[in-house]
file run_7.cif (mmCIF, C-alpha atoms)
data_final
loop_
_atom_site.group_PDB
_atom_site.id
_atom_site.type_symbol
_atom_site.label_atom_id
_atom_site.label_comp_id
_atom_site.auth_asym_id
_atom_site.auth_seq_id
_atom_site.Cartn_x
_atom_site.Cartn_y
_atom_site.Cartn_z
ATOM 1 C CA MET A 568 -30.498 108.138 233.199
ATOM 2 C CA LYS A 569 -30.335 104.373 233.021
ATOM 3 C CA ARG A 570 -33.840 104.310 231.626
ATOM 4 C CA PHE A 571 -32.901 106.882 228.952
ATOM 5 C CA ILE A 572 -29.909 104.797 227.789
ATOM 6 C CA TYR A 573 -32.070 101.657 227.576
ATOM 7 C CA SER A 574 -34.653 103.606 225.585
ATOM 8 C CA VAL A 575 -32.016 104.849 223.119
ATOM 9 C CA ILE A 576 -30.612 101.327 222.699
ATOM 10 C CA ALA A 577 -34.114 99.949 222.163
ATOM 11 C CA VAL A 578 -34.899 102.583 219.517
ATOM 12 C CA LEU A 579 -31.602 101.917 217.694
ATOM 13 C CA THR A 580 -32.167 98.167 217.804
ATOM 14 C CA LEU A 581 -35.705 98.569 216.527
ATOM 15 C CA GLY A 582 -34.458 100.919 213.777
ATOM 16 C CA CYS A 583 -31.893 98.369 212.614
ATOM 17 C CA THR A 584 -34.642 95.771 212.343
ATOM 18 C CA PHE A 585 -36.337 97.654 209.508
ATOM 19 C CA VAL A 586 -33.204 98.532 207.513
ATOM 20 C CA ALA A 587 -32.763 96.651 204.243
ATOM 21 C CA CYS A 588 -30.258 96.632 201.439
ATOM 22 C CA GLY A 589 -31.139 97.952 197.992
ATOM 23 C CA ASP A 590 -32.341 95.665 195.234
ATOM 24 C CA ASP A 591 -29.299 94.040 193.637
ATOM 25 C CA ASN A 592 -29.371 93.784 189.877
ATOM 26 C CA ASP A 593 -28.385 90.124 189.536
ATOM 27 C CA ASP A 594 -29.755 89.984 185.988
ATOM 28 C CA PRO A 595 -27.855 92.590 183.964
ATOM 29 C CA SER A 596 -28.633 92.878 180.264
ATOM 30 C CA ILE A 597 -24.923 92.506 179.442
ATOM 31 C CA ASP A 598 -24.047 88.898 178.645
ATOM 32 C CA PHE A 599 -20.790 88.190 180.471
ATOM 33 C CA THR A 600 -20.527 84.723 178.902
ATOM 34 C CA THR A 601 -19.444 86.327 175.614
ATOM 35 C CA THR A 602 -16.261 88.255 175.084
ATOM 36 C CA ALA A 603 -16.385 92.029 175.321
ATOM 37 C CA GLU A 604 -15.529 92.191 171.603
ATOM 38 C CA GLN A 605 -18.584 90.114 170.661
ATOM 39 C CA GLY A 606 -20.923 91.725 173.187
ATOM 40 C CA SER A 607 -20.132 95.296 172.163
ATOM 41 C CA ALA A 608 -20.330 94.626 168.410
ATOM 42 C CA GLY A 609 -23.062 96.443 166.501
ATOM 43 C CA THR A 610 -24.030 99.703 164.875
ATOM 44 C CA TYR A 611 -24.898 102.571 167.191
ATOM 45 C CA THR A 612 -26.965 105.370 165.661
ATOM 46 C CA GLY A 613 -27.115 108.785 167.236
ATOM 47 C CA GLU A 614 -25.935 112.351 167.218
ATOM 48 C CA TRP A 615 -22.467 113.838 166.847
ATOM 49 C CA THR A 616 -21.758 117.135 168.577
ATOM 50 C CA ARG A 617 -18.811 119.073 167.184
ATOM 51 C CA LEU A 618 -17.354 121.932 169.211
ATOM 52 C CA SER A 619 -14.904 124.154 167.346
ATOM 53 C CA ASP A 620 -12.010 125.946 168.999
ATOM 54 C CA ASP A 621 -13.759 129.222 168.062
ATOM 55 C CA GLY A 622 -16.798 128.191 170.175
ATOM 56 C CA THR A 623 -19.105 127.061 167.348
ATOM 57 C CA VAL A 624 -21.286 124.067 168.265
ATOM 58 C CA GLU A 625 -22.851 121.915 165.549
ATOM 59 C CA THR A 626 -24.819 118.667 165.687
ATOM 60 C CA PHE A 627 -25.012 115.971 163.026
ATOM 61 C CA SER A 628 -26.565 112.528 162.682
ATOM 62 C CA GLY A 629 -24.155 109.643 162.370
ATOM 63 C CA THR A 630 -23.038 106.235 163.548
ATOM 64 C CA ILE A 631 -20.324 104.327 165.311
ATOM 65 C CA THR A 632 -19.915 100.674 164.325
ATOM 66 C CA LEU A 633 -18.000 98.180 166.451
ATOM 67 C CA ALA A 634 -16.945 94.783 165.067
ATOM 68 C CA ALA A 635 -14.971 92.064 166.851
ATOM 69 C CA ALA A 636 -11.427 91.873 165.469
ATOM 70 C CA GLY A 637 -9.797 89.335 167.772
ATOM 71 C CA THR A 638 -8.890 88.956 171.415
ATOM 72 C CA ASN A 639 -9.283 92.285 173.240
ATOM 73 C CA ALA A 640 -9.555 94.150 169.931
ATOM 74 C CA THR A 641 -12.468 95.724 168.140
ATOM 75 C CA THR A 642 -12.667 97.584 164.858
ATOM 76 C CA VAL A 643 -14.387 100.930 165.387
ATOM 77 C CA THR A 644 -15.783 102.904 162.437
ATOM 78 C CA PHE A 645 -16.705 106.542 163.021
ATOM 79 C CA SER A 646 -19.131 107.971 160.474
ATOM 80 C CA CYS A 647 -20.516 111.509 160.369
ATOM 81 C CA PRO A 648 -21.531 112.432 156.795
ATOM 82 C CA GLY A 649 -22.228 116.060 157.770
ATOM 83 C CA THR A 650 -18.555 116.605 158.623
ATOM 84 C CA SER A 651 -16.979 114.148 156.172
ATOM 85 C CA LEU A 652 -15.750 112.127 159.168
ATOM 86 C CA ASP A 653 -15.230 108.530 158.064
ATOM 87 C CA ALA A 654 -12.414 106.647 159.819
ATOM 88 C CA THR A 655 -11.836 103.092 160.985
ATOM 89 C CA SER A 656 -9.489 102.205 163.836
ATOM 90 C CA THR A 657 -8.870 99.358 166.220
ATOM 91 C CA ALA A 658 -9.574 99.680 169.915
ATOM 92 C CA ASN A 659 -9.138 97.704 173.101
ATOM 93 C CA VAL A 660 -12.479 96.785 174.657
ATOM 94 C CA TRP A 661 -13.385 95.227 178.014
ATOM 95 C CA HIS A 662 -16.302 94.588 180.390
ATOM 96 C CA ALA A 663 -16.824 97.484 182.809
ATOM 97 C CA ASN A 664 -19.646 98.059 185.317
ATOM 98 C CA TYR A 665 -22.431 96.222 183.456
ATOM 99 C CA GLY A 666 -21.236 97.629 180.152
ATOM 100 C CA TYR A 667 -18.147 98.014 178.020
ATOM 101 C CA GLN A 668 -15.338 100.511 177.625
ATOM 102 C CA PHE A 669 -13.091 100.962 174.626
ATOM 103 C CA PHE A 670 -10.129 103.173 173.750
ATOM 104 C CA ASN A 671 -7.116 103.648 171.509
ATOM 105 C CA GLN A 672 -4.294 105.934 172.605
ATOM 106 C CA THR A 673 -1.960 105.325 169.676
ATOM 107 C CA THR A 674 -1.648 107.448 166.568
ATOM 108 C CA GLY A 675 0.111 104.860 164.366
ATOM 109 C CA ASP A 676 -1.177 102.576 161.613
ATOM 110 C CA ALA A 677 -3.700 100.867 163.891
ATOM 111 C CA ASN A 678 -5.496 104.152 164.452
ATOM 112 C CA LYS A 679 -6.683 105.639 161.147
ATOM 113 C CA LEU A 680 -8.502 108.367 163.073
ATOM 114 C CA GLY A 681 -5.069 109.690 164.005
ATOM 115 C CA VAL A 682 -5.937 110.769 167.548
ATOM 116 C CA ALA A 683 -6.644 109.075 170.864
ATOM 117 C CA PHE A 684 -10.302 108.227 171.468
ATOM 118 C CA SER A 685 -12.385 106.533 174.130
ATOM 119 C CA GLY A 686 -15.949 105.443 174.697
ATOM 120 C CA ARG A 687 -18.376 103.676 176.989
ATOM 121 C CA ILE A 688 -21.403 101.466 176.322
ATOM 122 C CA ASP A 689 -23.863 100.987 179.180
ATOM 123 C CA GLU A 690 -26.087 97.988 179.932
ATOM 124 C CA ALA A 691 -28.990 99.522 177.992
ATOM 125 C CA GLY A 692 -26.942 99.775 174.777
ATOM 126 C CA ASN A 693 -26.282 103.522 174.983
ATOM 127 C CA ILE A 694 -22.879 104.650 173.748
ATOM 128 C CA ASP A 695 -20.806 107.755 174.527
ATOM 129 C CA ALA A 696 -17.533 108.435 172.717
ATOM 130 C CA SER A 697 -15.244 111.443 172.351
ATOM 131 C CA PHE A 698 -12.026 112.684 170.788
ATOM 132 C CA THR A 699 -10.409 115.910 169.581
ATOM 133 C CA LEU A 700 -9.440 116.166 165.931
ATOM 134 C CA SER A 701 -7.648 118.784 163.875
ATOM 135 C CA GLN A 702 -9.390 119.368 160.516
ATOM 136 C CA ARG A 703 -8.915 121.809 157.687
ATOM 137 C CA VAL A 704 -11.953 123.932 156.786
ATOM 138 C CA GLY A 705 -11.246 126.157 153.822
ATOM 139 C CA ARG A 706 -7.814 127.645 154.397
ATOM 140 C CA LYS A 707 -7.766 127.278 158.147
ATOM 141 C CA ASN A 708 -7.105 124.354 160.514
ATOM 142 C CA TYR A 709 -9.517 123.970 163.415
ATOM 143 C CA GLU A 710 -9.435 121.840 166.542
ATOM 144 C CA PHE A 711 -12.780 120.105 166.877
ATOM 145 C CA LYS A 712 -13.965 118.225 169.955
ATOM 146 C CA TYR A 713 -16.265 115.455 168.764
ATOM 147 C CA GLU A 714 -18.744 113.791 171.119
ATOM 148 C CA PHE A 715 -21.136 111.042 170.130
ATOM 149 C CA ARG A 716 -24.230 109.804 171.944
ATOM 150 C CA GLY A 717 -26.284 107.029 170.464
ATOM 151 C CA LYS A 718 -28.046 103.705 170.899
ATOM 152 C CA LYS A 719 -27.672 100.234 169.448
#
call {"tool": "encode", "arguments": {"input": "run_7.cif", "output": "structure tokens"}}
result
Amino acid sequence: MKRFIYSVIAVLTLGCTFVACGDDNDDPSIDFTTTAEQGSAGTYTGEWTRLSDDGTVETFSGTITLAAAGTNATTVTFSCPGTSLDATSTANVWHANYGYQFFNQTTGDANKLGVAFSGRIDEAGNIDASFTLSQRVGRKNYEFKYEFRGKK
């Protein structure tokens, strides 16, 4: 029994010898020496997906443009010509997990979109954003869930 215990301890010790940590990414593509407002600024081109409350799904080409507007603030312009979406709002932006996050939860003058929105930009320059907007189509109001995926 003593021999078995020593064998198990030897195997565990030998196993721990060959264990290594994963490769740390010490060189992210996000420049943390700039402010989040400056680092996230740019035009992101991609595809809007619009889901209607009646279940209709449509896709359109469009853009989101971010521009630094001061400390912790960014001007965000949503543009989707296929749906006549064209609104500019301010948003808070910050560094988050080798990327950026932005949002605006107000519906006042600072938010011309009129609804809360949020988004994320990863270290590769990919952006995801979403919000729900009520729009009139013909004689009826619809709730549309907008999602955007694009790249700088």
call {"tool": "residues_around", "arguments": {"input": "run_7.cif", "residues": "segment 660-674 of chain A", "least_positions_apart": "2", "cutoff": "7 Å", "atoms": "only C-alpha atoms", "output": "PyMOL selection string"}}
result
chain A and resi 595+597+603-604+607+639-641+658+676+678+681-690
call {"tool": "write_last_selection", "arguments": {"input": "run_7.cif", "atoms": "C-alpha atoms", "output": "PDB file, keeping the file's coordinate frame"}}
result
ATOM      1  CA  PRO A 595     -27.855  92.590 183.964  1.00  0.00           C
ATOM      2  CA  ILE A 597     -24.923  92.506 179.442  1.00  0.00           C
ATOM      3  CA  ALA A 603     -16.385  92.029 175.321  1.00  0.00           C
ATOM      4  CA  GLU A 604     -15.529  92.191 171.603  1.00  0.00           C
ATOM      5  CA  SER A 607     -20.132  95.296 172.163  1.00  0.00           C
ATOM      6  CA  ASN A 639      -9.283  92.285 173.240  1.00  0.00           C
ATOM      7  CA  ALA A 640      -9.555  94.150 169.931  1.00  0.00           C
ATOM      8  CA  THR A 641     -12.468  95.724 168.140  1.00  0.00           C
ATOM      9  CA  ALA A 658      -9.574  99.680 169.915  1.00  0.00           C
ATOM     10  CA  ASP A 676      -1.177 102.576 161.613  1.00  0.00           C
ATOM     11  CA  ASN A 678      -5.496 104.152 164.452  1.00  0.00           C
ATOM     12  CA  GLY A 681      -5.069 109.690 164.005  1.00  0.00           C
ATOM     13  CA  VAL A 682      -5.937 110.769 167.548  1.00  0.00           C
ATOM     14  CA  ALA A 683      -6.644 109.075 170.864  1.00  0.00           C
ATOM     15  CA  PHE A 684     -10.302 108.227 171.468  1.00  0.00           C
ATOM     16  CA  SER A 685     -12.385 106.533 174.130  1.00  0.00           C
ATOM     17  CA  GLY A 686     -15.949 105.443 174.697  1.00  0.00           C
ATOM     18  CA  ARG A 687     -18.376 103.676 176.989  1.00  0.00           C
ATOM     19  CA  ILE A 688     -21.403 101.466 176.322  1.00  0.00           C
ATOM     20  CA  ASP A 689     -23.863 100.987 179.180  1.00  0.00           C
ATOM     21  CA  GLU A 690     -26.087  97.988 179.932  1.00  0.00           C
TER      22      GLU A 690
END
call {"tool": "residues_around", "arguments": {"input": "run_7.cif", "residues": "Ala634 of chain A", "least_positions_apart": "4", "cutoff": "7 Å", "atoms": "all atoms listed in the file", "output": "CSV table (one decimal) with C-alpha atoms, in the coordinates of the input"}}
result
chain,number,residue,atom,x,y,z
A,608,ALA,CA,-20.3,94.6,168.4
A,609,GLY,CA,-23.1,96.4,166.5
A,641,THR,CA,-12.5,95.7,168.1
A,642,THR,CA,-12.7,97.6,164.9
A,643,VAL,CA,-14.4,100.9,165.4
call {"tool": "residues_around", "arguments": {"input": "run_7.cif", "residues": "Thr610 of chain A", "least_positions_apart": "4", "cutoff": "9 Å", "atoms": "all atoms listed in the file", "output": "list in words"}}
result
Thr630, Ile631, Thr632, Leu633, Ala634, Lys718 and Lys719 of chain A
call {"tool": "closest_residue", "arguments": {"input": "run_7.cif", "among": "A:Tyr611, A:Asp620, A:Pro648, A:Gly606", "to": "Glu710 of chain A", "atoms": "only C-alpha atoms"}}
result
A:Asp620
call {"tool": "resolve_selection", "arguments": {"input": "run_7.cif", "expression": "the PyMOL selection byres ((chain A and resi 649) around 9)", "output": "PDB file with C-alpha atoms, in the coordinates of the input"}}
result
ATOM      1  CA  THR A 626     -24.819 118.667 165.687  1.00  0.00           C
ATOM      2  CA  PHE A 627     -25.012 115.971 163.026  1.00  0.00           C
ATOM      3  CA  SER A 628     -26.565 112.528 162.682  1.00  0.00           C
ATOM      4  CA  GLY A 629     -24.155 109.643 162.370  1.00  0.00           C
ATOM      5  CA  CYS A 647     -20.516 111.509 160.369  1.00  0.00           C
ATOM      6  CA  PRO A 648     -21.531 112.432 156.795  1.00  0.00           C
ATOM      7  CA  THR A 650     -18.555 116.605 158.623  1.00  0.00           C
ATOM      8  CA  SER A 651     -16.979 114.148 156.172  1.00  0.00           C
ATOM      9  CA  LEU A 652     -15.750 112.127 159.168  1.00  0.00           C
TER      10      LEU A 652
END
call {"tool": "atom_distance", "arguments": {"input": "run_7.cif", "atom1": "atom CA of Val704 of chain A", "atom2": "atom CA of Gly613 of chain A"}}
result
23.8 Å
call {"tool": "decode", "arguments": {"input": "run_7.cif", "residues": "segment 626-652 of chain A", "atoms": "N, CA, C and O atoms", "output": "short mmCIF file (atom, residue, chain, number, x, y, z; two decimals), in the first residue's frame"}}
result
data_model
loop_
_atom_site.label_atom_id
_atom_site.label_comp_id
_atom_site.auth_asym_id
_atom_site.auth_seq_id
_atom_site.Cartn_x
_atom_site.Cartn_y
_atom_site.Cartn_z
N THR A 626 -32.62 42.69 -43.36
CA THR A 626 -31.23 43.11 -43.21
C THR A 626 -30.94 44.25 -44.18
O THR A 626 -31.45 44.26 -45.30
N PHE A 627 -30.11 45.18 -43.73
CA PHE A 627 -29.76 46.36 -44.51
C PHE A 627 -28.29 46.69 -44.27
O PHE A 627 -27.77 46.46 -43.18
N SER A 628 -27.65 47.28 -45.25
CA SER A 628 -26.30 47.79 -45.07
C SER A 628 -26.38 49.14 -44.37
O SER A 628 -27.35 49.87 -44.53
N GLY A 629 -25.36 49.46 -43.60
CA GLY A 629 -25.35 50.74 -42.92
C GLY A 629 -24.06 50.96 -42.16
O GLY A 629 -23.10 50.21 -42.31
N THR A 630 -24.06 52.00 -41.34
CA THR A 630 -22.87 52.36 -40.58
C THR A 630 -23.24 52.82 -39.18
O THR A 630 -24.37 53.21 -38.91
N ILE A 631 -22.24 52.78 -38.33
CA ILE A 631 -22.25 53.47 -37.04
C ILE A 631 -20.94 54.25 -37.00
O ILE A 631 -19.87 53.69 -37.25
N THR A 632 -21.03 55.54 -36.69
CA THR A 632 -19.84 56.38 -36.59
C THR A 632 -19.71 56.89 -35.17
O THR A 632 -20.66 57.43 -34.61
N LEU A 633 -18.52 56.70 -34.58
CA LEU A 633 -18.23 57.21 -33.25
C LEU A 633 -17.19 58.32 -33.37
O LEU A 633 -16.22 58.17 -34.11
N ALA A 634 -17.41 59.42 -32.67
CA ALA A 634 -16.47 60.55 -32.66
C ALA A 634 -16.32 61.04 -31.24
O ALA A 634 -17.32 61.21 -30.52
N ALA A 635 -15.08 61.28 -30.82
CA ALA A 635 -14.81 61.76 -29.46
C ALA A 635 -15.50 63.10 -29.25
O ALA A 635 -15.42 63.99 -30.08
N ALA A 636 -16.20 63.23 -28.11
CA ALA A 636 -16.93 64.46 -27.81
C ALA A 636 -16.59 64.99 -26.43
O ALA A 636 -17.36 65.75 -25.86
N GLY A 637 -15.47 64.59 -25.87
CA GLY A 637 -15.08 65.06 -24.55
C GLY A 637 -14.76 63.90 -23.64
O GLY A 637 -14.74 62.75 -24.05
N THR A 638 -14.53 64.21 -22.37
CA THR A 638 -14.18 63.19 -21.40
C THR A 638 -15.36 62.24 -21.18
O THR A 638 -16.45 62.66 -20.84
N ASN A 639 -15.11 60.96 -21.39
CA ASN A 639 -16.10 59.90 -21.21
C ASN A 639 -17.32 60.03 -22.10
O ASN A 639 -18.35 59.43 -21.83
N ALA A 640 -17.27 60.84 -23.14
CA ALA A 640 -18.42 61.00 -24.02
C ALA A 640 -18.00 60.82 -25.48
O ALA A 640 -16.92 61.22 -25.88
N THR A 641 -18.88 60.23 -26.22
CA THR A 641 -18.67 59.99 -27.64
C THR A 641 -19.97 60.32 -28.36
O THR A 641 -21.05 60.04 -27.85
N THR A 642 -19.86 60.90 -29.54
CA THR A 642 -21.02 61.12 -30.38
C THR A 642 -21.18 59.89 -31.26
O THR A 642 -20.24 59.47 -31.93
N VAL A 643 -22.36 59.29 -31.24
CA VAL A 643 -22.63 58.08 -32.00
C VAL A 643 -23.70 58.41 -33.06
O VAL A 643 -24.77 58.91 -32.71
N THR A 644 -23.39 58.13 -34.32
CA THR A 644 -24.34 58.36 -35.40
C THR A 644 -24.74 57.01 -35.99
O THR A 644 -23.89 56.26 -36.46
N PHE A 645 -26.02 56.72 -35.94
CA PHE A 645 -26.59 55.49 -36.48
C PHE A 645 -27.15 55.81 -37.86
O PHE A 645 -27.96 56.72 -38.00
N SER A 646 -26.73 55.05 -38.87
CA SER A 646 -27.21 55.31 -40.23
C SER A 646 -27.57 54.01 -40.92
O SER A 646 -26.74 53.12 -41.07
N CYS A 647 -28.84 53.93 -41.34
CA CYS A 647 -29.34 52.77 -42.07
C CYS A 647 -30.29 53.29 -43.15
O CYS A 647 -31.49 53.43 -42.91
N PRO A 648 -29.76 53.64 -44.34
CA PRO A 648 -30.59 54.23 -45.38
C PRO A 648 -31.81 53.39 -45.77
O PRO A 648 -32.85 53.93 -46.11
N GLY A 649 -31.72 52.08 -45.68
CA GLY A 649 -32.84 51.21 -46.04
C GLY A 649 -34.04 51.33 -45.13
O GLY A 649 -35.14 50.94 -45.50
N THR A 650 -33.84 51.88 -43.93
CA THR A 650 -34.95 52.03 -42.98
C THR A 650 -35.17 53.48 -42.58
O THR A 650 -35.92 53.76 -41.67
N SER A 651 -34.52 54.38 -43.24
CA SER A 651 -34.54 55.82 -42.94
C SER A 651 -34.08 56.11 -41.50
O SER A 651 -34.48 57.11 -40.92
N LEU A 652 -33.26 55.24 -40.93
CA LEU A 652 -32.69 55.46 -39.62
C LEU A 652 -31.47 56.37 -39.77
O LEU A 652 -30.52 56.03 -40.47
#
